[in-house]
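Next comes final-v4.cif, a file with mmCIF, C-alpha atoms and all ligand atoms.
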```cif
data_target
#
loop_
_atom_site.label_atom_id
_atom_site.label_comp_id
_atom_site.auth_asym_id
_atom_site.auth_seq_id
_atom_site.Cartn_x
_atom_site.Cartn_y
_atom_site.Cartn_z
CA MET A 1 136.66 57.25 11.02
CA ASN A 2 134.23 55.59 8.58
CA ASP A 3 133.52 56.90 5.05
CA GLU A 4 130.32 58.63 6.06
CA GLU A 5 131.99 60.53 8.92
CA SER A 6 134.96 61.54 6.78
CA SER A 7 132.62 62.98 4.12
CA LEU A 8 130.84 65.23 6.63
CA LEU A 9 131.55 68.92 6.27
CA LYS A 10 133.20 70.50 9.29
CA LYS A 11 133.57 74.16 8.46
CA VAL A 12 131.83 76.44 5.94
CA LEU A 13 132.11 79.98 4.67
CA ALA A 14 128.70 81.70 4.75
CA ILE A 15 127.37 84.78 2.97
CA GLU A 16 124.24 86.79 3.86
CA THR A 17 123.03 89.63 1.60
CA SER A 18 119.24 89.22 1.69
CA CYS A 19 118.40 92.76 2.73
CA ASP A 20 120.68 95.64 3.70
CA ASP A 21 123.34 93.97 5.88
CA THR A 22 126.36 92.45 4.15
CA SER A 23 127.68 89.65 6.34
CA VAL A 24 130.29 86.90 6.06
CA ALA A 25 131.09 84.16 8.59
CA ILE A 26 133.02 80.98 9.12
CA VAL A 27 131.04 78.44 11.13
CA ASP A 28 131.52 74.83 12.27
CA CYS A 29 128.95 72.05 12.07
CA ASP A 30 128.49 72.29 15.86
CA GLY A 31 127.50 75.96 15.56
CA TRP A 32 130.86 77.34 16.65
CA VAL A 33 131.41 80.78 15.10
CA HIS A 34 135.06 81.26 14.11
CA GLN A 35 134.58 84.56 12.31
CA LEU A 36 131.69 86.96 11.78
CA LEU A 37 132.06 90.29 10.03
CA SER A 38 129.20 92.50 8.85
CA ALA A 39 128.82 95.87 7.16
CA SER A 40 125.69 97.84 8.02
CA GLN A 41 124.13 100.14 5.43
CA ASP A 42 121.81 101.94 7.86
CA GLN A 43 123.37 105.35 7.19
CA ASP A 44 122.98 105.00 3.41
CA HIS A 45 119.24 104.27 3.65
CA GLU A 46 118.36 106.54 6.58
CA VAL A 47 118.07 109.66 4.40
CA PHE A 48 115.42 107.90 2.29
CA GLY A 49 113.43 106.74 5.33
CA GLY A 50 113.52 103.10 4.19
CA ILE A 51 115.60 100.55 2.32
CA VAL A 52 116.29 101.45 -1.32
CA PRO A 53 116.85 98.10 -3.09
CA GLU A 54 119.23 99.48 -5.76
CA ILE A 55 121.45 101.09 -3.13
CA ALA A 56 121.40 97.90 -1.05
CA SER A 57 122.59 95.69 -3.91
CA ARG A 58 125.23 98.19 -5.04
CA ASN A 59 126.59 98.37 -1.49
CA HIS A 60 126.67 94.58 -1.19
CA SER A 61 128.86 94.50 -4.33
CA PHE A 62 131.09 97.10 -2.74
CA TYR A 63 131.49 95.44 0.69
CA LEU A 64 131.26 91.71 0.10
CA LEU A 65 134.66 90.82 -1.39
CA SER A 66 136.61 92.79 1.19
CA LEU A 67 134.65 91.13 4.03
CA ILE A 68 135.47 87.71 2.54
CA ASP A 69 139.16 88.67 2.30
CA LYS A 70 139.12 89.76 5.94
CA VAL A 71 137.48 86.61 7.35
CA MET A 72 139.78 84.44 5.21
CA ALA A 73 142.92 86.33 6.26
CA SER A 74 143.48 83.94 9.17
CA GLN A 75 142.18 80.80 7.40
CA ASP A 76 143.41 78.53 4.68
CA TRP A 77 140.94 77.65 1.90
CA SER A 78 141.82 73.98 2.39
CA THR A 79 140.06 74.12 5.80
CA ILE A 80 136.79 75.36 4.25
CA ASP A 81 134.57 72.41 3.27
CA GLY A 82 131.69 74.28 1.62
CA ILE A 83 130.03 77.60 0.80
CA VAL A 84 126.58 78.59 2.10
CA VAL A 85 124.54 81.56 0.90
CA THR A 86 121.08 82.97 1.62
CA ASN A 87 118.98 82.57 -1.54
CA ARG A 88 115.49 83.33 -0.11
CA PRO A 89 113.43 85.26 0.93
CA GLY A 90 114.75 88.76 0.35
CA LEU A 91 115.40 91.56 -2.11
CA VAL A 92 116.26 89.87 -5.40
CA GLY A 93 119.00 92.35 -6.36
CA SER A 94 120.64 91.91 -2.96
CA LEU A 95 120.36 88.13 -2.97
CA ILE A 96 121.94 87.94 -6.44
CA VAL A 97 125.17 89.59 -5.24
CA GLY A 98 125.64 86.94 -2.54
CA ILE A 99 124.59 84.06 -4.81
CA ILE A 100 126.92 84.97 -7.69
CA THR A 101 129.81 85.41 -5.29
CA ALA A 102 129.08 82.05 -3.60
CA LYS A 103 128.83 80.24 -6.94
CA THR A 104 132.08 81.80 -8.16
CA LEU A 105 133.92 80.78 -4.98
CA ALA A 106 132.44 77.29 -5.14
CA GLN A 107 133.63 76.90 -8.75
CA THR A 108 137.08 78.43 -8.38
CA LYS A 109 137.90 76.77 -5.04
CA GLY A 110 136.25 73.45 -5.91
CA LYS A 111 133.80 73.46 -2.96
CA PRO A 112 130.19 72.27 -2.70
CA PHE A 113 127.63 74.98 -2.05
CA LEU A 114 124.07 75.41 -0.81
CA GLY A 115 121.41 78.14 -0.90
CA VAL A 116 119.41 78.42 2.33
CA ASN A 117 116.26 80.02 3.66
CA HIS A 118 117.08 83.18 5.66
CA LEU A 119 114.27 82.45 8.15
CA GLU A 120 115.69 79.04 8.95
CA GLY A 121 118.89 80.89 9.81
CA HIS A 122 116.99 83.02 12.35
CA LEU A 123 115.46 79.85 13.86
CA LEU A 124 118.94 78.39 14.40
CA ALA A 125 120.65 81.63 15.55
CA PRO A 126 120.04 80.91 19.28
CA PHE A 127 122.07 77.70 18.89
CA LEU A 128 125.25 79.36 17.62
CA ARG A 129 128.13 79.34 20.10
CA ASP A 130 131.32 81.25 20.74
CA SER A 131 133.69 82.01 23.62
CA GLN A 132 131.08 84.26 25.29
CA TYR A 133 127.82 82.44 24.50
CA GLN A 134 126.75 78.81 24.91
CA PRO A 135 123.11 77.75 24.42
CA GLN A 136 121.62 75.55 27.14
CA TRP A 137 120.01 73.02 24.79
CA SER A 138 120.18 71.95 21.18
CA TYR A 139 118.12 72.64 18.05
CA ASP A 140 117.14 68.98 17.68
CA LEU A 141 114.76 69.08 20.66
CA PRO A 142 111.18 70.34 20.11
CA PHE A 143 110.75 74.02 20.87
CA ILE A 144 108.50 77.01 20.22
CA ALA A 145 110.12 79.84 18.24
CA LEU A 146 109.06 83.44 17.90
CA ALA A 147 110.89 84.91 14.90
CA VAL A 148 110.35 88.63 14.98
CA SER A 149 112.13 90.96 12.59
CA GLY A 150 111.67 93.82 10.15
CA GLY A 151 110.04 91.65 7.51
CA HIS A 152 108.59 88.73 9.48
CA THR A 153 106.72 88.00 12.69
CA SER A 154 105.79 84.34 13.11
CA LEU A 155 105.37 81.71 15.75
CA TYR A 156 106.66 78.21 14.96
CA GLN A 157 106.62 74.79 16.52
CA VAL A 158 110.02 73.30 15.72
CA GLN A 159 110.54 69.54 15.97
CA GLY A 160 114.08 69.52 14.59
CA LEU A 161 116.06 70.61 11.54
CA GLY A 162 113.68 71.28 8.64
CA GLN A 163 110.54 70.49 10.66
CA TYR A 164 108.98 73.90 11.12
CA ARG A 165 105.25 74.13 11.63
CA ILE A 166 103.90 77.67 11.43
CA LEU A 167 101.46 78.21 14.31
CA GLY A 168 100.61 81.78 13.41
CA THR A 169 101.92 84.87 11.79
CA THR A 170 101.13 88.57 11.55
CA ARG A 171 98.14 89.41 9.36
CA ASP A 172 99.70 92.70 8.31
CA ASP A 173 102.83 94.54 9.50
CA ALA A 174 105.80 92.76 11.07
CA ALA A 175 106.63 93.95 14.60
CA GLY A 176 109.95 95.42 13.42
CA GLU A 177 108.15 97.26 10.64
CA ALA A 178 105.75 98.72 13.24
CA PHE A 179 108.72 99.84 15.35
CA ASP A 180 110.40 101.39 12.30
CA LYS A 181 107.29 103.24 11.10
CA PHE A 182 106.59 104.59 14.58
CA ALA A 183 110.23 105.68 14.97
CA LYS A 184 110.06 107.57 11.69
CA LYS A 185 106.84 109.36 12.68
CA ILE A 186 108.28 110.38 16.00
CA GLY A 187 111.46 111.73 14.40
CA LEU A 188 113.95 108.99 15.31
CA GLY A 189 115.01 108.12 11.75
CA PHE A 190 115.25 104.73 10.06
CA PRO A 191 115.58 101.93 11.08
CA GLY A 192 114.35 103.09 14.45
CA GLY A 193 113.59 99.95 16.52
CA ALA A 194 116.77 100.24 18.57
CA LYS A 195 116.21 104.00 19.08
CA VAL A 196 112.65 103.46 20.32
CA ASP A 197 114.13 100.88 22.72
CA GLN A 198 116.66 103.45 24.03
CA TRP A 199 114.12 106.25 24.43
CA ALA A 200 111.63 103.91 26.11
CA GLN A 201 114.07 103.24 28.92
CA LYS A 202 113.44 106.77 30.24
CA GLY A 203 109.66 106.70 29.67
CA ASP A 204 106.43 105.63 31.35
CA ALA A 205 104.92 102.56 29.66
CA VAL A 206 101.36 103.32 30.87
CA ALA A 207 101.34 107.03 29.98
CA PHE A 208 99.59 106.43 26.64
CA SER A 209 97.07 103.78 25.80
CA PHE A 210 97.72 101.81 22.57
CA PRO A 211 95.59 98.92 21.26
CA ARG A 212 96.69 95.28 21.55
CA ALA A 213 95.00 93.33 18.74
CA LEU A 214 93.76 89.69 18.74
CA MET A 215 94.44 89.19 22.44
CA LYS A 216 91.09 87.63 23.34
CA GLU A 217 90.66 85.58 20.16
CA GLU A 218 91.75 81.93 20.22
CA THR A 219 94.41 82.40 17.56
CA TYR A 220 98.17 82.56 17.18
CA GLU A 221 97.78 85.24 14.54
CA MET A 222 98.91 88.77 15.29
CA SER A 223 98.18 92.21 13.87
CA PHE A 224 100.11 95.45 14.28
CA SER A 225 98.47 97.72 11.70
CA GLY A 226 95.81 98.97 14.16
CA LEU A 227 98.53 99.90 16.60
CA LYS A 228 100.37 101.75 13.83
CA SER A 229 97.23 103.70 12.86
CA ALA A 230 96.39 104.50 16.50
CA ALA A 231 99.91 105.87 17.00
CA GLN A 232 99.63 107.92 13.82
CA ARG A 233 96.30 109.45 14.96
CA LEU A 234 97.71 110.24 18.38
CA LEU A 235 100.84 111.88 16.96
CA GLU A 236 98.80 113.92 14.46
CA ALA A 237 96.75 115.30 17.36
CA MET A 238 99.88 116.38 19.25
CA SER A 239 102.07 119.42 18.59
CA GLU A 240 105.74 118.97 17.74
CA GLU A 241 106.60 120.34 21.18
CA GLU A 242 104.27 117.89 22.96
CA ILE A 243 105.78 114.98 21.00
CA GLN A 244 109.27 116.05 22.01
CA THR A 245 108.29 116.46 25.66
CA HIS A 246 106.60 113.05 25.80
CA ARG A 247 108.85 111.18 23.38
CA ALA A 248 110.22 108.75 25.98
CA SER A 249 106.76 107.81 27.29
CA LEU A 250 105.33 107.53 23.77
CA CYS A 251 108.14 105.09 22.93
CA ALA A 252 107.70 103.15 26.19
CA SER A 253 103.91 102.84 25.75
CA PHE A 254 104.18 101.81 22.09
CA GLN A 255 106.90 99.27 22.87
CA GLN A 256 104.87 97.88 25.77
CA ALA A 257 101.90 97.20 23.46
CA ILE A 258 104.04 95.22 20.98
CA CYS A 259 105.86 93.26 23.69
CA GLU A 260 102.65 92.31 25.52
CA VAL A 261 101.13 90.89 22.32
CA LEU A 262 104.27 88.85 21.58
CA ILE A 263 104.49 87.41 25.11
CA HIS A 264 100.76 86.67 25.11
CA LYS A 265 101.07 84.61 21.91
CA LEU A 266 104.13 82.78 23.23
CA ASP A 267 102.23 81.99 26.42
CA ARG A 268 99.34 80.55 24.43
CA ALA A 269 101.74 78.38 22.39
CA VAL A 270 103.42 76.96 25.49
CA ARG A 271 100.04 76.35 27.16
CA LEU A 272 98.48 74.56 24.20
CA THR A 273 101.49 72.56 23.00
CA GLN A 274 102.94 71.91 26.48
CA ILE A 275 106.40 72.48 24.96
CA LYS A 276 108.39 74.27 27.61
CA ARG A 277 111.39 75.29 25.49
CA VAL A 278 111.15 78.67 23.75
CA VAL A 279 113.44 80.73 21.55
CA ILE A 280 112.98 84.36 20.54
CA THR A 281 115.00 85.39 17.53
CA GLY A 282 115.26 88.03 14.75
CA GLY A 283 116.09 91.73 14.93
CA VAL A 284 113.33 92.66 17.39
CA SER A 285 114.63 90.07 19.87
CA ALA A 286 117.38 92.64 20.48
CA ASN A 287 114.73 94.77 22.23
CA SER A 288 115.75 95.14 25.88
CA HIS A 289 112.16 95.36 27.18
CA LEU A 290 111.04 92.27 25.24
CA ARG A 291 114.04 90.38 26.62
CA ALA A 292 113.26 91.45 30.19
CA LEU A 293 109.53 90.66 29.95
CA ALA A 294 110.27 87.30 28.33
CA GLU A 295 112.74 86.38 31.05
CA ASP A 296 110.24 87.21 33.80
CA TRP A 297 107.50 85.27 32.01
CA ALA A 298 109.79 82.26 31.47
CA LYS A 299 110.77 82.19 35.14
CA LYS A 300 107.14 82.35 36.22
CA LYS A 301 105.99 79.67 33.77
CA ARG A 302 109.09 77.46 34.23
CA VAL A 303 109.95 77.79 30.58
CA SER A 304 113.51 77.29 29.35
CA LEU A 305 114.15 80.40 27.26
CA LEU A 306 116.91 81.08 24.72
CA ILE A 307 117.43 84.52 23.21
CA PRO A 308 120.64 84.93 21.23
CA PRO A 309 123.14 87.66 22.08
CA LEU A 310 122.60 90.86 20.08
CA ARG A 311 125.20 89.94 17.42
CA TYR A 312 123.07 86.90 16.43
CA CYS A 313 119.64 88.61 16.74
CA THR A 314 119.89 90.85 13.68
CA ASP A 315 120.81 89.59 10.21
CA ASN A 316 124.15 87.78 10.20
CA ALA A 317 125.94 85.15 8.11
CA ALA A 318 126.78 82.89 11.09
CA MET A 319 123.16 81.68 11.40
CA ILE A 320 123.05 81.08 7.62
CA GLY A 321 126.27 79.05 7.77
CA TYR A 322 124.95 76.90 10.62
CA ALA A 323 121.66 76.14 8.84
CA GLY A 324 123.60 75.37 5.65
CA VAL A 325 126.26 73.09 7.10
CA LEU A 326 123.63 71.03 8.94
CA ARG A 327 121.67 70.60 5.71
CA MET A 328 124.81 69.84 3.69
CA ASN A 329 125.62 67.11 6.19
CA ARG A 330 122.26 65.57 5.30
CA GLY A 331 123.44 65.48 1.69
CA GLU A 332 121.81 68.65 0.34
CA ARG A 333 123.62 70.60 -2.36
CA SER A 334 122.66 73.38 -4.80
CA ASP A 335 123.68 73.41 -8.44
CA LEU A 336 124.66 76.30 -10.68
CA GLN A 337 121.03 76.82 -11.72
CA MET A 338 120.17 77.96 -8.18
CA GLY A 339 118.77 81.49 -8.16
CA PRO A 340 117.23 84.02 -5.78
CA SER A 341 113.61 83.96 -4.63
CA PRO A 342 111.83 86.93 -3.03
CA ARG A 343 109.62 84.47 -1.13
CA ILE A 344 110.05 81.22 0.79
CA LEU A 345 109.65 78.06 -1.31
CA PRO A 346 106.97 75.38 -1.00
CA GLY A 347 108.20 72.92 1.62
CA ASP A 348 110.23 75.45 3.60
CA PHE A 349 107.55 75.47 6.29
CA ASP A 350 104.58 73.30 7.16
CA VAL A 351 101.52 75.52 7.11
CA SER A 352 98.94 72.74 7.15
CA HIS A 353 97.99 73.21 10.80
CA GLN A 354 97.75 76.99 10.82
O1 LIG A 401 116.40 90.45 11.57
P1 LIG A 401 116.67 91.83 11.08
O2 LIG A 401 118.08 92.36 11.24
O3 LIG A 401 116.30 91.99 9.57
C1 LIG A 401 115.19 91.40 8.99
O4 LIG A 401 115.29 90.19 8.61
O5 LIG A 401 114.15 92.11 8.93
O6 LIG A 401 115.62 92.81 11.83
C2 LIG A 401 115.63 94.19 11.65
C3 LIG A 401 114.50 94.79 12.48
C4 LIG A 401 114.27 96.27 12.20
O7 LIG A 401 112.88 96.48 12.03
C5 LIG A 401 114.79 96.94 13.46
O8 LIG A 401 114.14 98.18 13.75
C6 LIG A 401 114.46 95.91 14.50
O9 LIG A 401 114.78 94.68 13.88
N1 LIG A 401 115.25 96.09 15.75
C7 LIG A 401 114.70 96.39 16.94
C8 LIG A 401 115.77 96.53 17.86
N2 LIG A 401 116.94 96.28 17.19
C9 LIG A 401 116.60 96.00 15.89
N3 LIG A 401 113.41 96.58 17.29
C10 LIG A 401 113.16 96.88 18.58
N4 LIG A 401 114.13 97.04 19.52
C11 LIG A 401 115.44 96.87 19.20
N5 LIG A 401 116.39 97.00 20.14
ZN ZN A 402 116.40 88.65 9.14
#
```

In structure tokens, what does this structure look like?
Amino acid sequence: MNDEESSLLKKVLAIETSCDDTSVAIVDCDGWVHQLLSASQDQDHEVFGGIVPEIASRNHSFYLLSLIDKVMASQDWSTIDGIVVTNRPGLVGSLIVGIITAKTLAQTKGKPFLGVNHLEGHLLAPFLRDSQYQPQWSYDLPFIALAVSGGHTSLYQVQGLGQYRILGTTRDDAAGEAFDKFAKKIGLGFPGGAKVDQWAQKGDAVAFSFPRALMKEETYEMSFSGLKSAAQRLLEAMSEEEIQTHRASLCASFQQAICEVLIHKLDRAVRLTQIKRVVITGGVSANSHLRALAEDWAKKKRVSLLIPPLRYCTDNAAMIGYAGVLRMNRGERSDLQMGPSPRILPGDFDVSHQ
């Protein structure tokens, strides 16, 4: 082994606290996930109908150390080569809990550490691997990525690690946000994306007509606020009893509108770039209808499609660890001045060709 190879990091401990999921993982530089443990706060925020930042950060403080103890129970610190933590974008109070913990571990255990961009984690999530999931190709080939979550909905052309060109993004609401707002209005609680998905399975997707925005325009941009308003108007015109009777078909029709827009934009990207490798990632990629439609589309268009298993779709520390260890092996390190940022940083993405 030469000096350069021996200085490469093999295994890292990763921490994700950017929003309301506390997550800790141990990941190898080839994407192998040794451990992944997460604590969901859904029940704590549901009563408020949305995420309450103060509650989120307090809960991270409560859960994080015990999750670290649990993932480290079967590991020796000498086998951990570095610490990775999400430091952007996200809720500042939540990010701080992860960052302070990562810095403290790095100092006390004598390990290098790195702050990473949460969205880069989502882009690499389909390339994680474990005993039940193996991706068919690697992140260093060019591919089109649809990252679709509660806070973000964007289409990227990825050329390799760190080379992320934004093709288009939502002009207003993220798709997950649209799912969550609709779920709340229809009485399914918060966050409701997964519940809309469940209800939709028993419904008729053409029973109600919802708008699909920016479908004819030659753009990668998306918009879901018109859909949200149309749904609100429809629900306001219905009685509580009618909503209950038609809940499954309302969910199926609403879900259909979002999924069709997403597949349409993916299709345009593949057509114009001629890149026939596609990943769909982020919380909304857990949607069973989106997965089914995407698989049919990919088969028809001879596209090689990767959608991570559900455990890597929603926020998790494994994807953060993988992004971090790859960057650390290119020599990147953070110092103790590193802090949280609510937004991405200049240079995180190339927006010049939008
Ligand atoms: O990636 P994620 O865990 O957090 C963010 O970075 O935002 O995504 C959470 C979002 C929420 O809006 C949630 O409602 C949505 O993903 N989601 C779903 C499903 N599972 C989670 N949306 C539709 N169908 C699902 N099965
Ligand atoms: Zn996320």

Can you build me a table of range 47-138 of chain A residues sitting at most 10 Å from range 296-320 of chain A, with the closest atom pair per residue and its distance in Å to one decimal, using only C-alpha atoms, sorted by chain and residue number, as JSON lines?
```
{"residue": "A:Val84", "atom": "CA", "partner": "A:Ile320", "partner_atom": "CA", "distance": 7.0}
{"residue": "A:Val85", "atom": "CA", "partner": "A:Ile320", "partner_atom": "CA", "distance": 6.9}
{"residue": "A:Thr86", "atom": "CA", "partner": "A:Ile320", "partner_atom": "CA", "distance": 6.6}
{"residue": "A:Gly115", "atom": "CA", "partner": "A:Ile320", "partner_atom": "CA", "distance": 9.2}
{"residue": "A:Val116", "atom": "CA", "partner": "A:Ile320", "partner_atom": "CA", "distance": 7.0}
{"residue": "A:Asn117", "atom": "CA", "partner": "A:Ile320", "partner_atom": "CA", "distance": 7.9}
{"residue": "A:His118", "atom": "CA", "partner": "A:Ile320", "partner_atom": "CA", "distance": 6.6}
{"residue": "A:Leu119", "atom": "CA", "partner": "A:Ile320", "partner_atom": "CA", "distance": 8.9}
{"residue": "A:Glu120", "atom": "CA", "partner": "A:Ile320", "partner_atom": "CA", "distance": 7.8}
{"residue": "A:Gly121", "atom": "CA", "partner": "A:Met319", "partner_atom": "CA", "distance": 4.6}
{"residue": "A:His122", "atom": "CA", "partner": "A:Met319", "partner_atom": "CA", "distance": 6.4}
{"residue": "A:Leu123", "atom": "CA", "partner": "A:Met319", "partner_atom": "CA", "distance": 8.3}
{"residue": "A:Leu124", "atom": "CA", "partner": "A:Met319", "partner_atom": "CA", "distance": 6.1}
{"residue": "A:Ala125", "atom": "CA", "partner": "A:Met319", "partner_atom": "CA", "distance": 4.9}
{"residue": "A:Pro126", "atom": "CA", "partner": "A:Pro308", "partner_atom": "CA", "distance": 4.5}
{"residue": "A:Phe127", "atom": "CA", "partner": "A:Pro308", "partner_atom": "CA", "distance": 7.7}
{"residue": "A:Leu128", "atom": "CA", "partner": "A:Met319", "partner_atom": "CA", "distance": 7.0}
{"residue": "A:Arg129", "atom": "CA", "partner": "A:Pro308", "partner_atom": "CA", "distance": 9.4}
{"residue": "A:Gln132", "atom": "CA", "partner": "A:Pro309", "partner_atom": "CA", "distance": 9.2}
{"residue": "A:Tyr133", "atom": "CA", "partner": "A:Pro309", "partner_atom": "CA", "distance": 7.4}
{"residue": "A:Gln134", "atom": "CA", "partner": "A:Pro308", "partner_atom": "CA", "distance": 9.4}
{"residue": "A:Pro135", "atom": "CA", "partner": "A:Leu306", "partner_atom": "CA", "distance": 7.0}
{"residue": "A:Gln136", "atom": "CA", "partner": "A:Leu306", "partner_atom": "CA", "distance": 7.7}
{"residue": "A:Trp137", "atom": "CA", "partner": "A:Leu306", "partner_atom": "CA", "distance": 8.6}
```

Record the distance separating CA of Phe113 in chain A and CA of Ala323 in chain A, expressed in Å with one decimal.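 It comes out at 12.5 Å.
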
What's the 12 Å shell around Arg330 in chain A, counting all atoms listed in the file, without same-chain residues fewer than 2 positions away, as a list of chain:residue names? A:Glu4, A:Glu5, A:Ser7, A:Leu8, A:Leu9, A:Cys29, A:Leu114, A:Leu161, A:Gly162, A:Ala323, A:Gly324, A:Val325, A:Leu326, A:Arg327, A:Met328, A:Glu332, A:Arg333

Measuring atom to atom with only C-alpha atoms, identify which of A:Asp197, A:Asp173, A:Asp130, A:Asp81 is nearest to Pro112 in chain A.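 Ranking A:Asp197, A:Asp173, A:Asp130, A:Asp81 by distance to Pro112 in chain A, first place goes to A:Asp81.
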
Nearest to Leu95 in chain A by atom-to-atom distance, counting only C-alpha atoms, from A:Ile80, A:Ile263, A:Ala56, A:Met215: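 The closest residue to Leu95 in chain A is A:Ala56.
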
Which distance in Å separates CA of Glu54 in chain A and CA of Lys103 in chain A, to one decimal?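 Going from CA of Glu54 in chain A over to CA of Lys103 in chain A, I get 21.5 Å.
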
Please identify all polymer residues within 12 Å of Ser66 in chain A, counting only C-alpha atoms, omitting same-chain residues fewer than 3 positions from it, and present them as a list in words.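 Surrounding residues, per the criterion: Thr22, Ser23, Val24, Leu37, Ser38, Ala39, Asn59, His60, Ser61, Phe62, Tyr63, Asp69, Lys70, Val71, Met72, Ala73 and Thr101 of chain A.
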
Could you turn the residues from that selection into a file that holds C-alpha atoms, as a PDB file, keeping the file's coordinate frame?
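Okay, result24.pdb is ready:
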```
ATOM      1  CA  THR A  22     126.360  92.450   4.150  1.00  0.00           C
ATOM      2  CA  SER A  23     127.680  89.650   6.340  1.00  0.00           C
ATOM      3  CA  VAL A  24     130.290  86.900   6.060  1.00  0.00           C
ATOM      4  CA  LEU A  37     132.060  90.290  10.030  1.00  0.00           C
ATOM      5  CA  SER A  38     129.200  92.500   8.850  1.00  0.00           C
ATOM      6  CA  ALA A  39     128.820  95.870   7.160  1.00  0.00           C
ATOM      7  CA  ASN A  59     126.590  98.370  -1.490  1.00  0.00           C
ATOM      8  CA  HIS A  60     126.670  94.580  -1.190  1.00  0.00           C
ATOM      9  CA  SER A  61     128.860  94.500  -4.330  1.00  0.00           C
ATOM     10  CA  PHE A  62     131.090  97.100  -2.740  1.00  0.00           C
ATOM     11  CA  TYR A  63     131.490  95.440   0.690  1.00  0.00           C
ATOM     12  CA  ASP A  69     139.160  88.670   2.300  1.00  0.00           C
ATOM     13  CA  LYS A  70     139.120  89.760   5.940  1.00  0.00           C
ATOM     14  CA  VAL A  71     137.480  86.610   7.350  1.00  0.00           C
ATOM     15  CA  MET A  72     139.780  84.440   5.210  1.00  0.00           C
ATOM     16  CA  ALA A  73     142.920  86.330   6.260  1.00  0.00           C
ATOM     17  CA  THR A 101     129.810  85.410  -5.290  1.00  0.00           C
TER      18      THR A 101
END
```

Could you name the residues that touch Gln201 in chain A at 8 Å or less, counting all atoms listed in the file, but leaving out those on the same chain fewer than 3 positions away, as a PyMOL selection string? chain A and resi 197-198+248+252

Write out as a list in words which residues come within 7 Å of Phe349 in chain A when counting all atoms listed in the file, dropping same-chain ones fewer than 3 positions away.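 The neighbour list is Tyr164, Arg165 and Ile166 of chain A.
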
Kindly compile the residues surrounding ligand LIG 401 (chain A) within 8 Å, counting all atoms listed in the file, and format them as number ranges by chain. A: 19, 21, 118-119, 122, 148-152, 175-180, 190-198, 255, 281-288, 313-316

Measure the distance from CA of Ile275 in chain A to CA of Gln163 in chain A in Å and round it to one decimal.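 Interatomic distance, CA of Ile275 in chain A to CA of Gln163 in chain A: 15.0 Å.
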
Selection: 9 Å around Gly226 in chain A, only C-alpha atoms, excl. self and same-chain fewer than 6 positions, as a PyMOL selection string: chain A and resi 211-213

Pick from A:Val12, A:Ile258, A:Val278, A:Leu214 nearest to Pro142 in chain A, counting all atoms listed in the file: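 Counting all atoms listed in the file, the residue closest to Pro142 in chain A is A:Val278.
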
Closest of A:Asp76, A:Gln274, A:Ala145, A:Gly189 to Gln43 in chain A, counting all atoms listed in the file, is A:Gly189

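Checking A:Thr104, A:Thr273, A:Gln244, A:Asn87 one by one against Gly187 in chain A, counting only C-alpha atoms, you find the shortest gap at A:Gln244.
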
With the input short on atoms, add N, CA and C atoms back to range 300-310 of chain A and write it as a CSV table (one decimal), keeping the file's coordinate frame.
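This is the output file out00.csv:
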```csv
chain,number,residue,atom,x,y,z
A,300,LYS,N,108.4,82.6,35.6
A,300,LYS,CA,107.1,82.4,36.2
A,300,LYS,C,106.5,81.1,35.7
A,301,LYS,N,106.6,80.8,34.4
A,301,LYS,CA,106.0,79.7,33.8
A,301,LYS,C,106.9,78.5,33.7
A,302,ARG,N,108.1,78.6,34.3
A,302,ARG,CA,109.1,77.5,34.2
A,302,ARG,C,109.4,77.0,32.8
A,303,VAL,N,109.6,78.0,32.0
A,303,VAL,CA,110.0,77.8,30.6
A,303,VAL,C,111.5,78.0,30.4
A,304,SER,N,112.1,77.1,29.6
A,304,SER,CA,113.5,77.3,29.4
A,304,SER,C,113.6,78.2,28.1
A,305,LEU,N,114.2,79.4,28.3
A,305,LEU,CA,114.2,80.4,27.3
A,305,LEU,C,115.6,80.7,26.7
A,306,LEU,N,115.6,80.7,25.4
A,306,LEU,CA,116.9,81.1,24.7
A,306,LEU,C,116.7,82.3,23.9
A,307,ILE,N,117.4,83.4,24.1
A,307,ILE,CA,117.4,84.5,23.2
A,307,ILE,C,118.9,84.8,22.9
A,308,PRO,N,119.2,84.8,21.6
A,308,PRO,CA,120.6,84.9,21.2
A,308,PRO,C,121.2,86.3,21.7
A,309,PRO,N,122.5,86.4,21.8
A,309,PRO,CA,123.1,87.7,22.1
A,309,PRO,C,122.9,88.6,20.9
A,310,LEU,N,123.0,89.9,21.1
A,310,LEU,CA,122.6,90.9,20.1
A,310,LEU,C,123.2,90.6,18.7
```
